[in-house]
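What follows is a single structure, written as structure tokens, with notes after it.
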Amino acid sequence: MPAPTPGAKQVLVRVHATAVTAADARIRGANFPRGYALIARMLFGLRRPRQPILGGVASGVVEAVGSRVEGFAVGDEVSGSSGMALGCHAELAVLPAKKLVHKPAAVSHEQAAGVLFGGSTALHYLRDVADVRPGQTVLVNGASGAVGTNALQLAKHLGAEVTAVASAANATLLKELGADHVVDYALTPVATLTEKFDVVIDNVGNIGIPAGRRMLSPDGVMLLVVGDLSETLRARGNVKAGPSPERAASFTTLLDRSPTGR
């Protein structure tokens, strides 16, 4: 492929590390939540991905900057997102300057690329939407995935008591990440739990709104990270859904906390 050329507000990055995420898998396989197939195909390509190079996050070194870019220079170590333009699964990728941050020296490129996708989504839902506070109880459904592992750690960092739902094979990992309670969904289907939670974050899409609401405390909130179109349209009141914005400030928050294990 020819080397991409950055636009006026873009930065060309020589990629040192990237991530293969659930989003890449969905686009490559046209495996979208129910109701979203036509919308997604129009965005990403009707018969195959319109952009042949997938990948939405990257960490690397600045190779060139656009004419209207400030704050970045050739040689800077950076991390960020290419957004819907994708293209990060390559040696060179173009990223918008507004979605790019300087990588802390104490964070490796691999660590940076690994945390941005799931971390920014979890941070948005838990901090910006649910406003998780110390002493609250949080249920993380699908706790072993990219969003789930970040949601677990961030909920603990925000002072919550966390119940993590995943397979038995991931129980040790979830305990190491700080889970107070671990539920094996094969033995205890998540919708059968009788406890009440201040926050239920569903990263799988298998709880459903009625069951999710039954699991909430009086002032609790359900967060639909994954849901079909019908659930997204019905999300209101104590059920929240919608896209997670990719903000440079969120990337900075995640990368600044990574070296200290927070």
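For the structure tokens, the naming scheme is as follows: chains receive sequential letters (A, B, ...) according to their order of presentation, residues are indexed from 1 within each chain, and ligands are indexed from 1 in presentation order.
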Using backbone DSSP assignments, extract all alpha helix (DSSP H) residues from region 90-214 of chain A; output them as JSON, numbers by chain. {"A": [109, 110, 111, 112, 113, 114, 115, 116, 117, 118, 119, 120, 121, 122, 123, 146, 147, 148, 149, 150, 151, 152, 153, 154, 155, 156, 157, 171, 172, 173, 174, 175, 176, 209, 210, 211, 212, 213, 214]}
Running DSSP on the backbone, which parts of region 111-246 of chain A land in strand (DSSP E), as a PyMOL selection string? chain A and resi 137-141+161-166+181-184+197-202+216-224+239-241
Could you state the separation of CA of Asn150 (chain A) and CA of Thr252 (chain A) in Å, given to one decimal place?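 A separation of 14.8 Å between them.
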Within 7 Å of region 91-101 of chain A, which residues of region 177-255 of chain A come that close, and what is the closest atom pair and distance in Å for each? Count only C-alpha atoms and give it as CSV.
residue,atom,partner,partner_atom,distance
A:Glu246,CA,A:Lys99,CA,7.0
A:Arg247,CA,A:Lys99,CA,6.1
A:Ala248,CA,A:Lys99,CA,5.0
A:Thr252,CA,A:Val101,CA,6.6
Which residues are close to Val74 (chain A), i.e. within 6 Å by only C-alpha atoms, leaving aside same-chain residues fewer than 4 positions away? Reply as a PDB file with N, CA, C and O atoms, in the first residue's frame.
ATOM      1  N   VAL A  62       5.786   9.918  15.775  1.00  0.00           N
ATOM      2  CA  VAL A  62       5.340  10.856  14.744  1.00  0.00           C
ATOM      3  C   VAL A  62       6.338  10.876  13.590  1.00  0.00           C
ATOM      4  O   VAL A  62       7.539  11.088  13.781  1.00  0.00           O
ATOM      5  N   GLU A  63       5.787  10.665  12.389  1.00  0.00           N
ATOM      6  CA  GLU A  63       6.601  10.669  11.176  1.00  0.00           C
ATOM      7  C   GLU A  63       6.463  11.983  10.419  1.00  0.00           C
ATOM      8  O   GLU A  63       7.407  12.455   9.784  1.00  0.00           O
ATOM      9  N   ALA A  64       5.276  12.596  10.477  1.00  0.00           N
ATOM     10  CA  ALA A  64       5.019  13.872   9.809  1.00  0.00           C
ATOM     11  C   ALA A  64       3.766  14.484  10.424  1.00  0.00           C
ATOM     12  O   ALA A  64       2.920  13.775  10.968  1.00  0.00           O
TER      13      ALA A  64
END
Give me, as a tab-separated table, the closest atom pair and its distance (Å, one decimal) for every residue of region 5-43 of chain A within a cut-off of 12 Å of region 205-224 of chain A, counting only C-alpha atoms, rows sorted by chain and rising number.
residue	atom	partner	partner_atom	distance
A:Phe32	CA	A:Gly205	CA	11.9
A:Pro33	CA	A:Gly205	CA	8.9
A:Arg34	CA	A:Gly205	CA	10.6
Just give me the gap between CA of Ala17 (chain A) and CA of His157 (chain A) in Å, one decimal is fine.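 Computed distance, CA of Ala17 (chain A) to CA of His157 (chain A), equals 26.3 Å.
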